[in-house]
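Below is the file query-v4.tsv, which contains TSV, C-alpha atoms and all ligand atoms.
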chain	number	residue	atom	x	y	z
A	1	MET	CA	35.15	-0.12	-56.49
A	2	THR	CA	31.82	1.21	-57.74
A	3	THR	CA	31.66	2.97	-61.10
A	4	GLY	CA	29.14	4.77	-63.34
A	5	LEU	CA	25.50	4.39	-62.37
A	6	ALA	CA	26.35	2.23	-59.37
A	7	ALA	CA	28.64	4.97	-58.01
A	8	ALA	CA	25.96	7.62	-58.58
A	9	GLU	CA	23.43	5.43	-56.78
A	10	ASP	CA	25.90	4.96	-53.93
A	11	THR	CA	26.31	8.69	-53.45
A	12	LEU	CA	22.59	9.34	-53.64
A	13	LEU	CA	21.82	6.55	-51.21
A	14	GLN	CA	24.45	7.80	-48.80
A	15	LYS	CA	22.85	11.25	-48.93
A	16	GLY	CA	19.48	9.63	-48.40
A	17	PHE	CA	18.04	11.25	-51.52
A	18	LEU	CA	17.23	8.13	-53.39
A	19	ASP	CA	13.82	6.58	-53.43
A	20	LEU	CA	14.87	3.98	-55.99
A	21	ASP	CA	11.89	2.41	-57.61
A	22	VAL	CA	11.06	-0.67	-55.60
A	23	ASP	CA	9.41	-3.49	-57.53
A	24	PRO	CA	5.75	-3.17	-56.43
A	25	THR	CA	5.31	-6.96	-56.56
A	26	LEU	CA	7.96	-7.48	-53.86
A	27	ASP	CA	6.68	-8.61	-50.49
A	28	LEU	CA	8.62	-6.05	-48.45
A	29	VAL	CA	7.92	-7.73	-45.11
A	30	GLU	CA	9.32	-11.03	-46.44
A	31	GLU	CA	12.33	-9.29	-48.04
A	32	ILE	CA	13.18	-7.29	-44.93
A	33	GLU	CA	12.91	-10.43	-42.75
A	34	ARG	CA	15.22	-12.26	-45.19
A	35	LEU	CA	17.77	-9.43	-45.16
A	36	LYS	CA	17.67	-9.30	-41.36
A	37	LYS	CA	18.70	-12.96	-41.13
A	38	GLU	CA	21.17	-12.87	-44.02
A	39	LYS	CA	23.04	-9.83	-42.62
A	40	ASN	CA	22.60	-10.47	-38.89
A	41	ALA	CA	20.85	-7.11	-38.63
A	42	ILE	CA	18.55	-5.81	-35.91
A	43	ILE	CA	15.82	-3.23	-36.54
A	44	LEU	CA	15.29	-0.76	-33.71
A	45	ALA	CA	12.19	1.40	-34.09
A	46	HIS	CA	10.85	4.38	-32.18
A	47	TYR	CA	7.14	4.49	-31.29
A	48	TYR	CA	6.68	7.40	-33.72
A	49	GLN	CA	7.46	5.27	-36.78
A	50	GLU	CA	4.66	4.25	-39.12
A	51	SER	CA	2.83	1.10	-37.93
A	52	GLU	CA	4.20	-1.24	-40.60
A	53	ILE	CA	7.76	-0.40	-39.53
A	54	GLN	CA	6.87	-0.91	-35.86
A	55	ASP	CA	5.40	-4.32	-36.74
A	56	ILE	CA	8.59	-5.55	-38.40
A	57	ALA	CA	11.00	-4.14	-35.79
A	58	ASP	CA	12.93	-6.39	-33.40
A	59	TYR	CA	12.64	-3.78	-30.69
A	60	ILE	CA	10.24	-0.85	-30.37
A	61	GLY	CA	10.77	1.65	-27.62
A	62	ASP	CA	11.45	5.11	-26.31
A	63	SER	CA	14.79	6.90	-26.54
A	64	LEU	CA	16.15	5.27	-23.38
A	65	GLY	CA	15.19	1.72	-24.33
A	66	LEU	CA	16.53	2.19	-27.84
A	67	SER	CA	19.91	3.39	-26.52
A	68	GLN	CA	20.10	0.50	-24.08
A	69	LYS	CA	19.31	-1.96	-26.86
A	70	ALA	CA	21.87	-0.38	-29.20
A	71	ALA	CA	24.52	-0.74	-26.49
A	72	GLU	CA	23.85	-4.42	-25.78
A	73	THR	CA	23.05	-5.93	-29.20
A	74	ASP	CA	25.34	-8.53	-30.78
A	75	ALA	CA	23.96	-7.91	-34.29
A	76	ASP	CA	26.47	-6.84	-36.96
A	77	ILE	CA	24.17	-4.14	-38.36
A	78	ILE	CA	21.86	-1.82	-36.45
A	79	VAL	CA	19.09	-0.48	-38.66
A	80	PHE	CA	17.66	2.54	-36.89
A	81	ALA	CA	14.05	3.31	-37.75
A	82	GLY	CA	14.00	6.67	-36.05
A	83	VAL	CA	15.75	10.00	-36.53
A	84	HIS	CA	19.35	11.09	-36.99
A	85	PHE	CA	20.26	11.84	-33.35
A	86	MET	CA	19.01	8.37	-32.35
A	87	ALA	CA	21.15	6.63	-34.97
A	88	GLU	CA	24.12	8.76	-33.92
A	89	THR	CA	23.59	7.68	-30.31
A	90	ALA	CA	23.55	4.03	-31.42
A	91	LYS	CA	26.81	4.58	-33.33
A	92	MET	CA	28.43	6.19	-30.28
A	93	LEU	CA	27.40	3.24	-28.12
A	94	SER	CA	28.37	0.58	-30.67
A	95	PRO	CA	31.13	2.24	-32.73
A	96	THR	CA	32.37	-0.98	-34.34
A	97	LYS	CA	28.96	-1.82	-35.75
A	98	LYS	CA	27.44	-0.59	-38.97
A	99	VAL	CA	24.55	1.76	-38.13
A	100	LEU	CA	22.06	2.51	-40.89
A	101	LEU	CA	19.30	5.13	-41.06
A	102	PRO	CA	16.77	4.62	-43.88
A	103	ASP	CA	16.70	8.36	-44.65
A	104	LEU	CA	19.62	10.56	-43.58
A	105	LYS	CA	17.35	13.60	-43.80
A	106	ALA	CA	15.26	12.31	-40.88
A	107	GLY	CA	16.39	15.08	-38.54
A	108	CYS	CA	14.80	16.67	-35.48
A	109	SER	CA	13.61	20.25	-34.96
A	110	LEU	CA	14.59	20.05	-31.29
A	111	ALA	CA	18.16	18.91	-32.03
A	112	ASP	CA	18.39	21.62	-34.73
A	113	SER	CA	17.29	24.28	-32.23
A	114	CYS	CA	20.60	23.99	-30.37
A	115	PRO	CA	23.60	24.56	-32.66
A	116	PRO	CA	26.81	23.48	-30.82
A	117	HIS	CA	28.80	26.65	-31.66
A	118	LEU	CA	26.13	28.85	-30.01
A	119	PHE	CA	25.67	26.47	-27.11
A	120	ARG	CA	29.44	26.59	-26.43
A	121	LYS	CA	29.16	30.38	-25.89
A	122	PHE	CA	26.08	29.95	-23.68
A	123	LYS	CA	27.93	27.39	-21.59
A	124	GLU	CA	30.91	29.75	-21.17
A	125	LYS	CA	28.61	32.19	-19.35
A	126	HIS	CA	27.97	29.56	-16.65
A	127	PRO	CA	31.37	27.89	-16.23
A	128	ASP	CA	30.47	26.08	-12.97
A	129	ALA	CA	27.19	24.61	-14.15
A	130	VAL	CA	26.65	20.91	-14.84
A	131	VAL	CA	25.27	20.46	-18.37
A	132	VAL	CA	22.35	18.07	-18.74
A	133	SER	CA	21.19	17.59	-22.33
A	134	TYR	CA	18.09	15.83	-23.50
A	135	ILE	CA	19.20	13.01	-25.77
A	136	ASN	CA	17.34	14.78	-28.62
A	137	CYS	CA	20.47	16.73	-29.58
A	138	THR	CA	23.34	16.31	-32.02
A	139	ALA	CA	26.37	14.11	-31.34
A	140	GLU	CA	28.50	17.25	-31.16
A	141	LEU	CA	26.26	18.75	-28.50
A	142	LYS	CA	26.75	15.57	-26.47
A	143	THR	CA	30.50	16.35	-26.41
A	144	LEU	CA	29.59	19.60	-24.55
A	145	THR	CA	27.33	17.73	-22.12
A	146	ASP	CA	28.05	16.18	-18.73
A	147	ILE	CA	25.01	13.90	-18.52
A	148	CYS	CA	22.37	13.08	-21.12
A	149	CYS	CA	18.79	12.29	-20.20
A	150	THR	CA	15.59	11.11	-21.83
A	151	SER	CA	12.01	11.83	-20.83
A	152	THR	CA	11.97	8.54	-18.89
A	153	ASN	CA	14.93	9.30	-16.64
A	154	SER	CA	15.17	13.12	-16.64
A	155	VAL	CA	13.89	13.54	-13.06
A	156	HIS	CA	16.36	10.91	-11.79
A	157	ILE	CA	19.23	12.55	-13.67
A	158	ILE	CA	18.49	16.02	-12.27
A	159	GLU	CA	18.09	14.60	-8.77
A	160	SER	CA	21.45	12.80	-9.05
A	161	ILE	CA	23.24	16.18	-9.19
A	162	PRO	CA	24.26	17.75	-5.84
A	163	LYS	CA	21.84	20.46	-4.73
A	164	ASP	CA	24.52	23.15	-4.55
A	165	LYS	CA	25.39	22.75	-8.26
A	166	GLN	CA	23.94	24.98	-10.97
A	167	ILE	CA	22.44	23.04	-13.89
A	168	ILE	CA	22.13	24.03	-17.54
A	169	PHE	CA	19.35	22.09	-19.28
A	170	ALA	CA	19.30	21.91	-23.09
A	171	PRO	CA	17.76	21.97	-25.61
A	172	ASP	CA	14.05	21.60	-24.71
A	173	LYS	CA	12.61	24.55	-22.77
A	174	ASN	CA	9.28	22.75	-22.25
A	175	LEU	CA	10.80	19.63	-20.72
A	176	GLY	CA	13.12	21.97	-18.79
A	177	ALA	CA	10.19	23.96	-17.37
A	178	TYR	CA	8.46	20.70	-16.41
A	179	LEU	CA	11.65	19.52	-14.66
A	180	ARG	CA	11.94	22.81	-12.78
A	181	LYS	CA	8.45	22.19	-11.40
A	182	LYS	CA	9.01	18.50	-10.64
A	183	THR	CA	12.41	18.81	-8.98
A	184	GLY	CA	12.28	22.36	-7.59
A	185	ARG	CA	15.71	23.02	-9.13
A	186	ASP	CA	16.47	26.36	-10.73
A	187	LEU	CA	17.56	25.09	-14.15
A	188	ILE	CA	19.20	27.42	-16.68
A	189	LEU	CA	17.26	26.67	-19.86
A	190	TRP	CA	18.22	26.70	-23.52
A	191	ASN	CA	15.37	28.07	-25.62
A	192	GLY	CA	14.64	25.06	-27.89
A	193	ALA	CA	11.45	23.14	-28.64
A	194	CYS	CA	9.96	20.29	-30.65
A	195	MET	CA	7.76	21.38	-33.56
A	196	VAL	CA	5.31	18.51	-32.97
A	197	HIS	CA	4.74	19.02	-29.25
A	198	GLU	CA	4.33	22.80	-29.56
A	199	ILE	CA	1.41	22.57	-31.93
A	200	PHE	CA	-1.37	21.23	-29.67
A	201	SER	CA	-4.39	23.48	-29.32
A	202	HIS	CA	-5.59	24.24	-25.80
A	203	GLU	CA	-8.97	25.35	-27.12
A	204	LYS	CA	-9.58	22.29	-29.32
A	205	ILE	CA	-8.50	19.93	-26.54
A	206	THR	CA	-10.95	21.64	-24.17
A	207	LYS	CA	-13.75	21.17	-26.71
A	208	LEU	CA	-12.81	17.48	-27.05
A	209	GLN	CA	-12.90	17.10	-23.28
A	210	VAL	CA	-16.43	18.48	-23.22
A	211	ARG	CA	-17.49	15.90	-25.83
A	212	HIS	CA	-15.59	13.08	-24.02
A	213	PRO	CA	-15.93	13.91	-20.31
A	214	ASN	CA	-14.49	10.56	-19.19
A	215	ALA	CA	-11.41	10.70	-21.42
A	216	LYS	CA	-8.03	11.07	-19.72
A	217	LEU	CA	-5.72	13.65	-21.26
A	218	ILE	CA	-2.21	12.19	-21.42
A	219	ALA	CA	0.74	14.32	-22.54
A	220	HIS	CA	4.46	14.10	-23.27
A	221	PRO	CA	6.60	16.55	-21.25
A	222	GLU	CA	7.83	18.14	-24.50
A	223	CYS	CA	4.37	19.81	-24.65
A	224	GLU	CA	3.93	23.41	-23.57
A	225	ALA	CA	3.11	24.18	-19.92
A	226	HIS	CA	-0.50	25.19	-20.65
A	227	ILE	CA	-1.16	21.71	-22.10
A	228	LEU	CA	0.72	19.90	-19.30
A	229	GLU	CA	-1.32	21.81	-16.69
A	230	LYS	CA	-4.51	20.24	-18.10
A	231	ALA	CA	-3.08	16.71	-18.33
A	232	ASP	CA	-4.23	13.82	-16.15
A	233	PHE	CA	-0.90	12.09	-16.75
A	234	ILE	CA	2.48	13.24	-18.07
A	235	GLY	CA	5.12	10.80	-19.25
A	236	SER	CA	7.59	9.58	-21.86
A	237	THR	CA	6.20	7.55	-24.75
A	238	THR	CA	6.69	4.36	-22.71
A	239	GLY	CA	5.17	6.04	-19.67
A	240	LEU	CA	2.10	7.07	-21.67
A	241	LEU	CA	1.72	3.61	-23.19
A	242	ASN	CA	1.96	1.94	-19.76
A	243	PHE	CA	-0.56	4.38	-18.31
A	244	THR	CA	-3.12	3.47	-20.98
A	245	LYS	CA	-2.59	-0.25	-20.28
A	246	GLU	CA	-2.94	0.10	-16.52
A	247	SER	CA	-5.66	2.75	-16.30
A	248	GLU	CA	-9.30	1.79	-15.80
A	249	ALA	CA	-10.29	4.59	-18.17
A	250	THR	CA	-11.40	3.54	-21.64
A	251	GLU	CA	-10.88	6.82	-23.52
A	252	PHE	CA	-7.70	8.82	-23.87
A	253	ILE	CA	-6.77	12.08	-25.60
A	254	VAL	CA	-3.15	11.60	-26.59
A	255	ALA	CA	-0.92	14.70	-26.70
A	256	THR	CA	2.18	13.38	-28.38
A	257	GLU	CA	3.16	12.20	-31.86
A	258	ALA	CA	0.31	10.06	-33.18
A	259	GLY	CA	2.52	7.03	-34.04
A	260	ILE	CA	2.39	5.82	-30.41
A	261	ILE	CA	-1.34	5.14	-30.80
A	262	HIS	CA	-0.53	2.00	-32.82
A	263	GLN	CA	1.00	0.30	-29.75
A	264	MET	CA	-1.76	1.65	-27.49
A	265	GLU	CA	-4.42	0.11	-29.73
A	266	LEU	CA	-2.56	-3.20	-29.94
A	267	ALA	CA	-2.21	-3.37	-26.16
A	268	SER	CA	-5.79	-2.25	-25.37
A	269	PRO	CA	-8.01	-3.05	-28.36
A	270	ASN	CA	-11.18	-2.16	-26.47
A	271	LYS	CA	-10.06	1.34	-25.52
A	272	THR	CA	-10.38	4.50	-27.62
A	273	PHE	CA	-7.43	6.77	-28.40
A	274	ILE	CA	-8.02	10.25	-29.77
A	275	PRO	CA	-5.02	12.20	-31.10
A	276	ALA	CA	-4.90	15.64	-29.46
A	277	PRO	CA	-5.73	18.19	-32.18
A	278	PRO	CA	-3.11	20.65	-33.38
A	279	GLU	CA	-3.69	24.41	-33.85
A	280	ASN	CA	-4.23	24.13	-37.60
A	281	THR	CA	-5.97	21.58	-39.77
A	282	CYS	CA	-2.96	19.59	-41.05
A	283	ALA	CA	-1.63	16.40	-39.45
A	284	CYS	CA	0.98	18.37	-37.51
A	285	ASN	CA	1.04	15.93	-34.64
A	286	GLU	CA	2.87	13.59	-37.02
A	287	CYS	CA	6.62	14.21	-36.92
A	288	PRO	CA	7.69	14.90	-40.53
A	289	HIS	CA	11.21	13.69	-39.68
A	290	MET	CA	10.14	10.38	-38.16
A	291	LYS	CA	7.74	9.84	-41.04
A	292	ARG	CA	10.51	10.19	-43.66
A	293	ASN	CA	11.26	6.52	-43.05
A	294	THR	CA	9.13	4.19	-45.14
A	295	MET	CA	9.05	0.42	-45.70
A	296	GLU	CA	10.61	1.00	-49.14
A	297	LYS	CA	13.51	3.00	-47.70
A	298	LEU	CA	13.95	0.46	-44.91
A	299	TYR	CA	14.22	-2.30	-47.51
A	300	LEU	CA	16.63	-0.33	-49.71
A	301	CYS	CA	18.85	0.63	-46.81
A	302	MET	CA	19.12	-2.99	-45.70
A	303	LYS	CA	19.78	-4.18	-49.25
A	304	TYR	CA	22.53	-1.61	-50.02
A	305	GLU	CA	23.69	-1.14	-46.39
A	306	GLN	CA	23.34	2.61	-46.86
A	307	PRO	CA	22.91	5.39	-45.77
A	308	GLU	CA	25.38	4.68	-43.00
A	309	ILE	CA	26.09	6.86	-39.95
A	310	HIS	CA	29.72	8.00	-39.70
A	311	LEU	CA	31.08	10.02	-36.81
A	312	GLU	CA	34.53	11.37	-36.14
A	313	ASP	CA	36.46	9.43	-33.48
A	314	TRP	CA	36.75	12.41	-31.10
A	315	ILE	CA	32.98	12.93	-31.19
A	316	ILE	CA	32.38	9.30	-30.29
A	317	GLU	CA	35.01	9.34	-27.52
A	318	GLU	CA	33.84	12.60	-25.95
A	319	GLY	CA	30.11	12.31	-26.59
A	320	VAL	CA	29.63	8.76	-25.36
A	321	LYS	CA	30.73	9.74	-21.84
A	322	SER	CA	27.54	11.75	-21.29
A	323	ILE	CA	25.42	8.88	-22.61
A	324	ASN	CA	27.18	6.30	-20.44
A	325	ARG	CA	26.65	8.43	-17.32
A	326	MET	CA	22.95	8.49	-18.16
A	327	LEU	CA	22.85	4.71	-18.71
A	328	ASP	CA	24.60	4.06	-15.38
A	329	ILE	CA	22.14	6.21	-13.43
A	330	SER	CA	19.20	4.60	-15.28
A	331	GLU	CA	20.45	1.09	-14.57
A	332	LYS	CA	20.84	1.83	-10.86
A	333	ALA	CA	17.27	3.20	-10.86
A	334	GLY	CA	16.00	0.11	-12.74
A	335	LEU	CA	14.70	2.19	-15.66
A	336	GLY	CA	14.16	1.20	-19.25
A	337	LEU	CA	14.59	-1.81	-21.52
A	338	LYS	CA	11.24	-3.28	-22.18
A	339	SER	CA	9.98	-3.56	-25.71
A	340	SER	CA	6.38	-3.37	-26.79
A	341	ASN	CA	7.28	-6.60	-28.58
A	342	ASP	CA	8.09	-8.33	-25.29
A	343	PRO	CA	5.36	-10.26	-23.54
A	344	ASP	CA	4.14	-8.72	-20.22
B	401	LIG	P1	10.68	9.40	-25.83
B	401	LIG	O1	10.19	8.30	-26.72
B	401	LIG	O2	11.98	9.04	-25.20
B	401	LIG	O3	9.62	9.79	-24.84
B	401	LIG	O4	10.99	10.67	-26.76
B	401	LIG	C1	10.04	11.29	-27.52
B	401	LIG	C2	10.61	11.99	-28.71
B	401	LIG	O5	10.29	13.10	-29.02
B	401	LIG	C3	11.53	11.30	-29.54
B	401	LIG	O6	11.86	12.09	-30.60
B	402	LIG	FE1	12.39	15.73	-32.85
B	402	LIG	FE2	9.95	16.35	-32.07
B	402	LIG	FE3	10.28	14.74	-34.17
B	402	LIG	FE4	10.87	13.87	-31.68
B	402	LIG	S1	8.86	14.41	-32.44
B	402	LIG	S2	12.09	13.62	-33.56
B	402	LIG	S3	11.64	15.76	-30.73
B	402	LIG	S4	10.89	16.89	-34.06
Please render this file's structure as structure tokens.
Ligand code: 13P
Ligand code: SF4
Amino acid sequence: MTTGLAAAEDTLLQKGFLDLDVDPTLDLVEEIERLKKEKNAIILAHYYQESEIQDIADYIGDSLGLSQKAAETDADIIVFAGVHFMAETAKMLSPTKKVLLPDLKAGCSLADSCPPHLFRKFKEKHPDAVVVSYINCTAELKTLTDICCTSTNSVHIIESIPKDKQIIFAPDKNLGAYLRKKTGRDLILWNGACMVHEIFSHEKITKLQVRHPNAKLIAHPECEAHILEKADFIGSTTGLLNFTKESEATEFIVATEAGIIHQMELASPNKTFIPAPPENTCACNECPHMKRNTMEKLYLCMKYEQPEIHLEDWIIEEGVKSINRMLDISEKAGLGLKSSNDPD
């Protein structure tokens, strides 16, 4: 049992509030590597994490790859360097494992834009519709979902549903509008969006294109339609990364969270990557939720094995069905599971 200061630290860590002072002379890379071995832990990182975290991860990927990895790992502890819905998904797929998130406050504006109690009422208005939810939603929303999808497999998932069925798509209206165009299906959309992908400036991108006439504009489908219409290529984070590797172009304007540029530069050191400019002057194409994770918090969370993700049993049992349906369809289509850490 923990008492006194230790108990207070426990509570704070669990809430993710604590940035305990980390000894500045510690070699965090060495310490994290040591803790990984000692605790049989695996670090899964999303492409939007800061570069140092990506460099120390065992697997870096998009939402689909990260889910697939979380489902198949034999590690005892999954340390999720990403946001809350991603760690929840890992817990649902590996409920007997300890899943840690360096900062519990690393949320997601898109997941927050679809509260389950309101979505339940919305769903009641379309009782015959199949519900497809983007994986960027809460665990509870997944219990109200028939099939999850990610940006890598969303077209396949929509196309797997019989043509005579109505489809509700939540929570991202931008990805939903893109899917309407790609699949020709009349999706019923929830009105949610990602704060990072809604901030890109059409005007500033146009000015950049004038200055860099040979640059390819590449965009994530969470971006608004007027940005996607200008794009030379649209894809998930993995899709965008692969495009930059395979393309003969040497300059790219990147309309997604700027963290992905680290892997693009590593894969193609002679190419130039320009982050697409946001409407204002701040670094709004950095996701403030993703960037809550730091090397210090990663180290502390591995040391104390907190903050840990806990989910009620019924949420795991109900919610995982929609994720498993997505994984089955993805496997049949041969999609996913390749890390930027893997050799080509
Ligand atoms: P993907 O990496 O699956 O394309 O998702 C992007 C995203 O917004 C994750 O939060
Ligand atoms: Fe959510 Fe957008 Fe951040 Fe992804 S980039 S975690 S969708 S707020």
Review point. From the set A:Gln49, A:Thr73, A:Thr150, A:Thr145, which residue has the shortest atom-to-atom contact distance to ligand LIG 401 (chain B), counting all atoms listed in the file?
Key: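 Counting all atoms listed in the file, the residue closest to ligand LIG 401 (chain B) is A:Thr150.
Residues in contact with ligand LIG 402 (chain B) comprise Val83, Gly107, Cys108, Ser109, Leu110, Ala111, Asn136, Cys194, Met195, Val196, His197, Glu257, Cys287, Pro288, His289 and Met290 of chain A, where contact means an atom-to-atom distance of at most 7 Å counting all atoms listed in the file.
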**Study point:** Which residue of A:Ser67, A:Gln306, A:Ser113, A:Asn242 approaches Asn191 in chain A most closely, using all atoms listed in the file
**Key:**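 For Asn191 in chain A, the nearest of the given residues is A:Ser113.
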Review point. Which residues form the shell of 6 Å around ligand LIG 401 (chain B) when you count only C-alpha atoms and all ligand atoms, given as a VMD selection string?
Key: chain A and resid 62 to 64 150 to 151 236 to 237
Keeping only C-alpha atoms, write those residues as a PDB file, in the frame of the given file.
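Writing the result to again.pdb gives the following:
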ATOM      1  CA  ASP A  62      11.450   5.110 -26.310  1.00  0.00           C
ATOM      2  CA  SER A  63      14.790   6.900 -26.540  1.00  0.00           C
ATOM      3  CA  LEU A  64      16.150   5.270 -23.380  1.00  0.00           C
ATOM      4  CA  THR A 150      15.590  11.110 -21.830  1.00  0.00           C
ATOM      5  CA  SER A 151      12.010  11.830 -20.830  1.00  0.00           C
ATOM      6  CA  SER A 236       7.590   9.580 -21.860  1.00  0.00           C
ATOM      7  CA  THR A 237       6.200   7.550 -24.750  1.00  0.00           C
TER       8      THR A 237
END
Point to revise | Residue nearest Pro275 in chain A - candidates A:Lys332, A:Phe200, A:Glu308, A:Lys97, atoms counted: only C-alpha atoms | key: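 So, comparing all the options, the nearest one is A:Phe200.
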